[in-house]
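Reproduced below: start.cif, with mmCIF, N, CA and C atoms.
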data_my_file
#
loop_
_atom_site.label_atom_id
_atom_site.label_comp_id
_atom_site.auth_asym_id
_atom_site.auth_seq_id
_atom_site.Cartn_x
_atom_site.Cartn_y
_atom_site.Cartn_z
N MET A 1 23.74 -4.75 54.42
CA MET A 1 23.92 -5.79 53.43
C MET A 1 23.48 -5.29 52.06
N PRO A 2 24.26 -5.62 51.05
CA PRO A 2 23.82 -5.23 49.70
C PRO A 2 22.58 -6.02 49.30
N PRO A 3 21.78 -5.45 48.41
CA PRO A 3 20.57 -6.19 47.97
C PRO A 3 20.97 -7.48 47.25
N LYS A 4 20.14 -8.49 47.44
CA LYS A 4 20.40 -9.79 46.80
C LYS A 4 19.93 -9.76 45.35
N LYS A 5 20.63 -10.55 44.55
CA LYS A 5 20.21 -10.73 43.16
C LYS A 5 18.96 -11.61 43.15
N PRO A 6 18.20 -11.60 42.07
CA PRO A 6 17.04 -12.49 41.99
C PRO A 6 17.50 -13.95 41.94
N PRO A 7 16.62 -14.88 42.27
CA PRO A 7 16.97 -16.30 42.21
C PRO A 7 17.43 -16.70 40.80
N ILE A 8 18.28 -17.70 40.75
CA ILE A 8 18.75 -18.23 39.48
C ILE A 8 17.59 -18.95 38.80
N ASP A 9 17.50 -18.81 37.51
CA ASP A 9 16.47 -19.48 36.73
C ASP A 9 16.54 -20.99 36.99
N THR A 10 15.43 -21.60 37.35
CA THR A 10 15.42 -23.02 37.71
C THR A 10 15.82 -23.93 36.55
N ASP A 11 15.46 -23.55 35.33
CA ASP A 11 15.85 -24.37 34.18
C ASP A 11 17.38 -24.37 34.02
N LEU A 12 18.01 -23.25 34.33
CA LEU A 12 19.45 -23.14 34.24
C LEU A 12 20.12 -24.01 35.32
N VAL A 13 19.56 -24.01 36.51
CA VAL A 13 20.09 -24.86 37.59
C VAL A 13 19.97 -26.33 37.19
N ARG A 14 18.81 -26.72 36.71
CA ARG A 14 18.61 -28.12 36.30
C ARG A 14 19.60 -28.51 35.20
N GLN A 15 19.79 -27.63 34.22
CA GLN A 15 20.72 -27.92 33.14
C GLN A 15 22.15 -28.05 33.68
N PHE A 16 22.54 -27.14 34.56
CA PHE A 16 23.90 -27.17 35.11
C PHE A 16 24.16 -28.47 35.87
N VAL A 17 23.26 -28.82 36.77
CA VAL A 17 23.44 -30.05 37.55
C VAL A 17 23.40 -31.27 36.64
N ASN A 18 22.49 -31.30 35.72
CA ASN A 18 22.41 -32.41 34.77
C ASN A 18 23.70 -32.53 33.96
N ASP A 19 24.18 -31.41 33.44
CA ASP A 19 25.39 -31.43 32.62
C ASP A 19 26.64 -31.76 33.43
N ALA A 20 26.64 -31.43 34.71
CA ALA A 20 27.81 -31.71 35.56
C ALA A 20 28.05 -33.21 35.73
N HIS A 21 27.11 -34.03 35.35
CA HIS A 21 27.33 -35.47 35.36
C HIS A 21 28.37 -35.89 34.32
N THR A 22 28.39 -35.20 33.17
CA THR A 22 29.24 -35.67 32.07
C THR A 22 29.83 -34.60 31.16
N ASP A 23 29.31 -33.41 31.12
CA ASP A 23 29.66 -32.43 30.08
C ASP A 23 30.49 -31.27 30.62
N PHE A 24 31.81 -31.46 30.66
CA PHE A 24 32.71 -30.46 31.22
C PHE A 24 32.62 -29.13 30.49
N ASP A 25 32.56 -29.15 29.17
CA ASP A 25 32.49 -27.90 28.42
C ASP A 25 31.25 -27.10 28.77
N SER A 26 30.12 -27.77 28.89
CA SER A 26 28.89 -27.08 29.24
C SER A 26 28.98 -26.50 30.65
N VAL A 27 29.57 -27.25 31.58
CA VAL A 27 29.73 -26.76 32.95
C VAL A 27 30.54 -25.46 32.96
N LYS A 28 31.65 -25.45 32.23
CA LYS A 28 32.48 -24.24 32.18
C LYS A 28 31.71 -23.08 31.56
N ASN A 29 30.99 -23.34 30.48
CA ASN A 29 30.23 -22.28 29.80
C ASN A 29 29.11 -21.75 30.69
N LEU A 30 28.40 -22.64 31.34
CA LEU A 30 27.30 -22.20 32.21
C LEU A 30 27.81 -21.41 33.41
N LEU A 31 28.95 -21.83 33.97
CA LEU A 31 29.53 -21.08 35.09
C LEU A 31 29.98 -19.69 34.66
N GLU A 32 30.48 -19.60 33.44
CA GLU A 32 30.89 -18.30 32.92
C GLU A 32 29.67 -17.39 32.77
N LYS A 33 28.57 -17.98 32.31
CA LYS A 33 27.32 -17.23 32.13
C LYS A 33 26.71 -16.84 33.47
N GLU A 34 26.73 -17.78 34.44
CA GLU A 34 26.10 -17.55 35.75
C GLU A 34 26.95 -18.18 36.85
N PRO A 35 27.91 -17.43 37.41
CA PRO A 35 28.80 -17.97 38.45
C PRO A 35 28.07 -18.50 39.69
N ALA A 36 26.87 -18.00 39.97
CA ALA A 36 26.13 -18.44 41.15
C ALA A 36 25.68 -19.90 41.04
N LEU A 37 25.80 -20.50 39.87
CA LEU A 37 25.46 -21.91 39.71
C LEU A 37 26.40 -22.81 40.50
N LEU A 38 27.55 -22.32 40.85
CA LEU A 38 28.60 -23.10 41.49
C LEU A 38 28.10 -23.94 42.66
N ASN A 39 27.27 -23.38 43.51
CA ASN A 39 26.76 -24.10 44.67
C ASN A 39 25.24 -24.29 44.62
N ALA A 40 24.66 -24.09 43.45
CA ALA A 40 23.22 -24.26 43.31
C ALA A 40 22.86 -25.75 43.40
N SER A 41 21.68 -26.01 43.94
CA SER A 41 21.20 -27.38 44.08
C SER A 41 19.91 -27.57 43.30
N TRP A 42 19.75 -28.78 42.80
CA TRP A 42 18.52 -29.15 42.10
C TRP A 42 17.84 -30.26 42.88
N ASP A 43 16.53 -30.15 43.05
CA ASP A 43 15.74 -31.18 43.73
C ASP A 43 15.11 -32.05 42.65
N TRP A 44 15.64 -33.27 42.54
CA TRP A 44 15.12 -34.22 41.54
C TRP A 44 13.78 -34.80 41.97
N GLY A 45 13.37 -34.49 43.19
CA GLY A 45 12.11 -34.99 43.73
C GLY A 45 12.35 -35.84 44.95
N GLY A 46 11.42 -35.79 45.85
CA GLY A 46 11.52 -36.61 47.05
C GLY A 46 12.72 -36.27 47.93
N GLY A 47 13.17 -35.03 47.85
CA GLY A 47 14.31 -34.62 48.67
C GLY A 47 15.65 -35.07 48.13
N ASP A 48 15.70 -35.50 46.89
CA ASP A 48 16.96 -35.92 46.27
C ASP A 48 17.66 -34.69 45.69
N TRP A 49 18.34 -33.95 46.58
CA TRP A 49 19.03 -32.72 46.20
C TRP A 49 20.41 -33.03 45.67
N GLU A 50 20.83 -32.29 44.64
CA GLU A 50 22.14 -32.52 44.04
C GLU A 50 22.73 -31.20 43.54
N THR A 51 24.02 -31.03 43.76
CA THR A 51 24.77 -29.91 43.21
C THR A 51 25.56 -30.40 42.00
N GLY A 52 26.17 -29.50 41.29
CA GLY A 52 27.05 -29.89 40.20
C GLY A 52 28.19 -30.76 40.71
N LEU A 53 28.74 -30.39 41.86
CA LEU A 53 29.82 -31.18 42.44
C LEU A 53 29.33 -32.58 42.80
N GLY A 54 28.14 -32.67 43.35
CA GLY A 54 27.58 -33.98 43.68
C GLY A 54 27.39 -34.84 42.43
N ALA A 55 26.96 -34.22 41.35
CA ALA A 55 26.77 -34.94 40.09
C ALA A 55 28.10 -35.47 39.57
N ALA A 56 29.11 -34.62 39.56
CA ALA A 56 30.43 -35.03 39.08
C ALA A 56 31.00 -36.13 39.97
N ALA A 57 30.75 -36.04 41.27
CA ALA A 57 31.33 -37.00 42.23
C ALA A 57 30.83 -38.41 41.99
N HIS A 58 29.52 -38.60 41.87
CA HIS A 58 29.05 -39.98 41.73
C HIS A 58 29.29 -40.55 40.33
N MET A 59 29.68 -39.69 39.40
CA MET A 59 30.03 -40.17 38.06
C MET A 59 31.54 -40.39 37.91
N GLY A 60 32.29 -40.04 38.95
CA GLY A 60 33.74 -40.19 38.87
C GLY A 60 34.40 -39.17 37.96
N ARG A 61 33.75 -38.04 37.73
CA ARG A 61 34.30 -37.00 36.86
C ARG A 61 35.20 -36.06 37.66
N LYS A 62 36.43 -36.53 37.89
CA LYS A 62 37.40 -35.75 38.66
C LYS A 62 37.68 -34.41 38.00
N ASP A 63 37.73 -34.37 36.68
CA ASP A 63 38.02 -33.12 35.97
C ASP A 63 36.98 -32.06 36.30
N ILE A 64 35.72 -32.45 36.26
CA ILE A 64 34.64 -31.50 36.57
C ILE A 64 34.67 -31.14 38.05
N ALA A 65 34.81 -32.13 38.91
CA ALA A 65 34.82 -31.89 40.36
C ALA A 65 35.96 -30.94 40.74
N GLU A 66 37.14 -31.21 40.24
CA GLU A 66 38.29 -30.36 40.58
C GLU A 66 38.12 -28.94 40.06
N HIS A 67 37.54 -28.80 38.88
CA HIS A 67 37.28 -27.45 38.34
C HIS A 67 36.29 -26.71 39.24
N LEU A 68 35.25 -27.40 39.66
CA LEU A 68 34.25 -26.76 40.52
C LEU A 68 34.87 -26.35 41.86
N LEU A 69 35.68 -27.22 42.44
CA LEU A 69 36.34 -26.90 43.70
C LEU A 69 37.30 -25.73 43.54
N GLN A 70 38.06 -25.73 42.46
CA GLN A 70 38.99 -24.62 42.21
C GLN A 70 38.24 -23.31 41.99
N SER A 71 36.99 -23.42 41.55
CA SER A 71 36.16 -22.23 41.32
C SER A 71 35.46 -21.77 42.60
N GLY A 72 35.58 -22.56 43.67
CA GLY A 72 35.00 -22.16 44.95
C GLY A 72 33.82 -22.97 45.43
N ALA A 73 33.54 -24.10 44.79
CA ALA A 73 32.43 -24.95 45.26
C ALA A 73 32.75 -25.47 46.66
N ARG A 74 31.71 -25.69 47.43
CA ARG A 74 31.85 -26.23 48.79
C ARG A 74 31.96 -27.74 48.69
N ILE A 75 33.07 -28.28 49.21
CA ILE A 75 33.28 -29.72 49.15
C ILE A 75 32.31 -30.43 50.09
N ASP A 76 31.93 -31.64 49.72
CA ASP A 76 31.12 -32.47 50.61
C ASP A 76 31.81 -33.82 50.77
N LEU A 77 31.31 -34.62 51.67
CA LEU A 77 31.93 -35.90 51.99
C LEU A 77 32.00 -36.83 50.78
N PHE A 78 30.98 -36.84 49.97
CA PHE A 78 30.91 -37.75 48.83
C PHE A 78 31.94 -37.37 47.76
N ALA A 79 32.09 -36.08 47.51
CA ALA A 79 33.13 -35.62 46.57
C ALA A 79 34.51 -35.90 47.14
N ALA A 80 34.69 -35.68 48.44
CA ALA A 80 35.98 -35.96 49.08
C ALA A 80 36.34 -37.43 48.92
N ALA A 81 35.37 -38.31 49.08
CA ALA A 81 35.62 -39.75 48.93
C ALA A 81 36.04 -40.08 47.51
N MET A 82 35.33 -39.55 46.53
CA MET A 82 35.66 -39.83 45.13
C MET A 82 37.03 -39.28 44.76
N LEU A 83 37.38 -38.15 45.31
CA LEU A 83 38.66 -37.52 44.98
C LEU A 83 39.83 -38.09 45.79
N GLY A 84 39.54 -39.04 46.68
CA GLY A 84 40.61 -39.67 47.45
C GLY A 84 41.14 -38.80 48.57
N LYS A 85 40.34 -37.88 49.07
CA LYS A 85 40.77 -36.99 50.15
C LYS A 85 40.59 -37.71 51.49
N LEU A 86 41.55 -38.59 51.76
CA LEU A 86 41.49 -39.48 52.90
C LEU A 86 41.34 -38.74 54.23
N ALA A 87 42.10 -37.69 54.44
CA ALA A 87 42.06 -36.97 55.72
C ALA A 87 40.66 -36.42 56.00
N ILE A 88 39.97 -35.94 54.97
CA ILE A 88 38.62 -35.41 55.18
C ILE A 88 37.67 -36.54 55.56
N VAL A 89 37.73 -37.63 54.82
CA VAL A 89 36.83 -38.76 55.10
C VAL A 89 37.13 -39.33 56.49
N GLN A 90 38.40 -39.46 56.85
CA GLN A 90 38.77 -39.96 58.18
C GLN A 90 38.21 -39.05 59.27
N ALA A 91 38.37 -37.75 59.10
CA ALA A 91 37.90 -36.80 60.11
C ALA A 91 36.39 -36.88 60.31
N VAL A 92 35.66 -36.97 59.22
CA VAL A 92 34.20 -37.03 59.33
C VAL A 92 33.77 -38.35 59.98
N LEU A 93 34.38 -39.45 59.56
CA LEU A 93 34.05 -40.75 60.15
C LEU A 93 34.42 -40.80 61.63
N ALA A 94 35.53 -40.19 62.01
CA ALA A 94 35.93 -40.16 63.42
C ALA A 94 34.91 -39.39 64.24
N ASP A 95 34.37 -38.34 63.67
CA ASP A 95 33.37 -37.54 64.38
C ASP A 95 32.03 -38.24 64.47
N ASP A 96 31.64 -38.93 63.40
CA ASP A 96 30.34 -39.60 63.37
C ASP A 96 30.39 -40.81 62.44
N PRO A 97 30.72 -41.99 62.98
CA PRO A 97 30.85 -43.18 62.14
C PRO A 97 29.58 -43.57 61.38
N SER A 98 28.43 -43.09 61.83
CA SER A 98 27.18 -43.48 61.16
C SER A 98 27.07 -42.88 59.76
N VAL A 99 27.87 -41.86 59.43
CA VAL A 99 27.76 -41.26 58.10
C VAL A 99 28.12 -42.25 57.01
N ILE A 100 28.81 -43.31 57.37
CA ILE A 100 29.18 -44.31 56.37
C ILE A 100 27.94 -44.90 55.68
N ASP A 101 26.82 -44.90 56.38
CA ASP A 101 25.59 -45.47 55.84
C ASP A 101 24.63 -44.43 55.27
N GLU A 102 25.01 -43.15 55.29
CA GLU A 102 24.13 -42.10 54.77
C GLU A 102 24.20 -42.09 53.24
N PRO A 103 23.07 -42.00 52.58
CA PRO A 103 23.09 -41.96 51.11
C PRO A 103 23.43 -40.56 50.59
N GLY A 104 24.06 -40.53 49.44
CA GLY A 104 24.34 -39.27 48.76
C GLY A 104 23.26 -39.00 47.73
N PRO A 105 23.55 -38.13 46.76
CA PRO A 105 22.57 -37.87 45.71
C PRO A 105 22.11 -39.18 45.04
N HIS A 106 20.84 -39.26 44.76
CA HIS A 106 20.20 -40.41 44.12
C HIS A 106 20.31 -41.67 44.99
N GLY A 107 20.63 -41.50 46.28
CA GLY A 107 20.75 -42.65 47.18
C GLY A 107 22.05 -43.42 47.00
N ILE A 108 23.00 -42.86 46.27
CA ILE A 108 24.26 -43.54 46.00
C ILE A 108 25.15 -43.50 47.24
N SER A 109 25.70 -44.65 47.58
CA SER A 109 26.47 -44.78 48.82
C SER A 109 27.82 -44.07 48.77
N LEU A 110 28.36 -43.85 49.95
CA LEU A 110 29.69 -43.28 50.09
C LEU A 110 30.73 -44.21 49.45
N MET A 111 30.57 -45.51 49.66
CA MET A 111 31.50 -46.47 49.06
C MET A 111 31.47 -46.40 47.54
N ALA A 112 30.29 -46.29 46.95
CA ALA A 112 30.19 -46.20 45.49
C ALA A 112 30.91 -44.95 44.99
N HIS A 113 30.78 -43.85 45.72
CA HIS A 113 31.49 -42.63 45.33
C HIS A 113 33.00 -42.87 45.38
N ALA A 114 33.47 -43.49 46.45
CA ALA A 114 34.91 -43.75 46.58
C ALA A 114 35.41 -44.65 45.45
N ARG A 115 34.64 -45.67 45.13
CA ARG A 115 35.05 -46.57 44.05
C ARG A 115 35.15 -45.85 42.70
N LYS A 116 34.31 -44.85 42.49
CA LYS A 116 34.37 -44.08 41.25
C LYS A 116 35.67 -43.29 41.14
N GLY A 117 36.36 -43.10 42.26
CA GLY A 117 37.62 -42.38 42.27
C GLY A 117 38.80 -43.20 41.77
N GLY A 118 38.59 -44.50 41.56
CA GLY A 118 39.66 -45.36 41.04
C GLY A 118 40.86 -45.43 41.97
N LYS A 119 42.03 -45.54 41.38
CA LYS A 119 43.25 -45.74 42.17
C LYS A 119 43.53 -44.56 43.10
N ASP A 120 43.11 -43.35 42.71
CA ASP A 120 43.34 -42.19 43.57
C ASP A 120 42.54 -42.25 44.87
N ALA A 121 41.49 -43.03 44.88
CA ALA A 121 40.65 -43.14 46.08
C ALA A 121 40.77 -44.53 46.74
N ALA A 122 41.78 -45.29 46.37
CA ALA A 122 41.94 -46.65 46.90
C ALA A 122 42.05 -46.67 48.42
N GLU A 123 42.73 -45.69 49.00
CA GLU A 123 42.87 -45.65 50.46
C GLU A 123 41.54 -45.31 51.13
N VAL A 124 40.72 -44.52 50.48
CA VAL A 124 39.39 -44.21 51.02
C VAL A 124 38.53 -45.47 50.98
N VAL A 125 38.59 -46.21 49.89
CA VAL A 125 37.84 -47.48 49.80
C VAL A 125 38.27 -48.40 50.92
N LYS A 126 39.56 -48.51 51.13
CA LYS A 126 40.10 -49.36 52.20
C LYS A 126 39.58 -48.91 53.57
N LEU A 127 39.61 -47.61 53.82
CA LEU A 127 39.09 -47.07 55.08
C LEU A 127 37.62 -47.40 55.26
N LEU A 128 36.83 -47.20 54.21
CA LEU A 128 35.39 -47.45 54.31
C LEU A 128 35.10 -48.93 54.54
N ARG A 129 35.88 -49.80 53.91
CA ARG A 129 35.70 -51.24 54.14
C ARG A 129 35.96 -51.58 55.60
N SER A 130 37.04 -51.05 56.15
CA SER A 130 37.38 -51.37 57.54
C SER A 130 36.40 -50.71 58.51
N ALA A 131 35.94 -49.53 58.18
CA ALA A 131 35.01 -48.82 59.07
C ALA A 131 33.61 -49.40 59.00
N GLY A 132 33.23 -49.93 57.85
CA GLY A 132 31.88 -50.45 57.67
C GLY A 132 31.62 -51.74 58.39
N LYS A 133 32.64 -52.59 58.52
CA LYS A 133 32.44 -53.90 59.15
C LYS A 133 32.06 -53.78 60.62
N PRO A 134 32.81 -53.04 61.44
CA PRO A 134 32.42 -52.94 62.85
C PRO A 134 31.07 -52.26 63.04
N ALA A 135 30.80 -51.23 62.22
CA ALA A 135 29.53 -50.52 62.35
C ALA A 135 28.36 -51.44 62.07
N LYS A 136 28.48 -52.26 61.04
CA LYS A 136 27.39 -53.18 60.70
C LYS A 136 27.27 -54.29 61.74
N ALA A 137 28.41 -54.76 62.25
CA ALA A 137 28.37 -55.80 63.29
C ALA A 137 27.72 -55.25 64.56
N ALA A 138 28.07 -54.02 64.92
CA ALA A 138 27.49 -53.41 66.12
C ALA A 138 25.99 -53.20 65.92
N SER A 139 25.61 -52.81 64.72
CA SER A 139 24.19 -52.59 64.43
C SER A 139 23.42 -53.90 64.55
N LYS A 140 23.98 -54.99 64.05
CA LYS A 140 23.32 -56.30 64.13
C LYS A 140 23.19 -56.74 65.59
N LYS A 141 24.23 -56.48 66.40
CA LYS A 141 24.18 -56.85 67.81
C LYS A 141 23.10 -56.07 68.54
N SER A 142 22.99 -54.75 68.25
CA SER A 142 21.98 -53.95 68.94
C SER A 142 20.58 -54.36 68.51
N LYS A 143 20.39 -54.75 67.27
CA LYS A 143 19.07 -55.21 66.81
C LYS A 143 18.72 -56.54 67.47
N ALA A 144 19.71 -57.40 67.67
CA ALA A 144 19.47 -58.71 68.28
C ALA A 144 19.03 -58.55 69.73
N LYS A 145 19.49 -57.50 70.42
CA LYS A 145 19.14 -57.28 71.82
C LYS A 145 17.72 -56.75 71.97
N THR A 146 17.18 -56.13 70.91
CA THR A 146 15.84 -55.53 71.03
C THR A 146 14.75 -56.48 70.65
#

For the structure just supplied, provide its representation as structure tokens.
Amino acid sequence: MPPKKPPIDTDLVRQFVNDAHTDFDSVKNLLEKEPALLNASWDWGGGDWETGLGAAAHMGRKDIAEHLLQSGARIDLFAAAMLGKLAIVQAVLADDPSVIDEPGPHGISLMAHARKGGKDAAEVVKLLRSAGKPAKAASKKSKAKT
């Protein structure tokens, strides 16, 4: 294996993730300066980890998210929901329906991410609405039995 590069400067990671919420030009410039930022994560505290893609996803910044994905970022369920990638969300929910209740960065729900996708994610919103009702009803029934 070739020797690894030193870790990315933490201030640069924080800036990249922070800027990926809203500043497309900065994201492009920072990636040009340090391509390894693409999949870097920032810990906001308490285990609240976020990547640039995660930041763009919960803000509904499709332009930033798509640029990061085209650059090789690893997609996650929350970004897939915001981008309206129905097949990905369906596959994950089919494998494990409980993910519908898992929080994303900053505790933001999967549904909130999908809603940020607007009309392009309308089918994902519809899927999550239909999938959430039975899961919550089943959860209430199991709690009632205990």

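Atom CA of Glu32 of chain A to atom CA of Pro6 of chain A spans 17.5 Å [interatomic distance, one decimal].
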
Report the residues of segment 6-142 of chain A whose backbone DSSP state falls under strand (DSSP E or B), written as a ChimeraX atom specification.
/A:41-43,49-51

Return as JSON, numbers by chain the set of residues that the PyMOL selection byres ((chain A and resi 84) around 6.5) yields on the displayed structure.
{"A": [79, 80, 81, 82, 83, 85, 86, 87, 117, 120, 121, 122, 124]}

Please report the interatomic distance between atom CA of Asp9 of chain A and atom C of Ala36 of chain A in Å with one decimal.
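So the two atoms, atom CA of Asp9 of chain A and atom C of Ala36 of chain A, lie 10.2 Å apart.
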
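Omitting Ala56 of chain A and its sequence neighbours fewer than 4 positions away, and counting all atoms listed in the file, the residues within 6 Å are Ala20, His21, Gly52, Gly60, Arg61, Lys62, Ile64 and Ala65 of chain A.
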
Just the number, please: distance in Å from atom C of His67 of chain A to atom CA of Leu53 of chain A, one decimal.
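For atom C of His67 of chain A relative to atom CA of Leu53 of chain A, the distance reads 8.5 Å.
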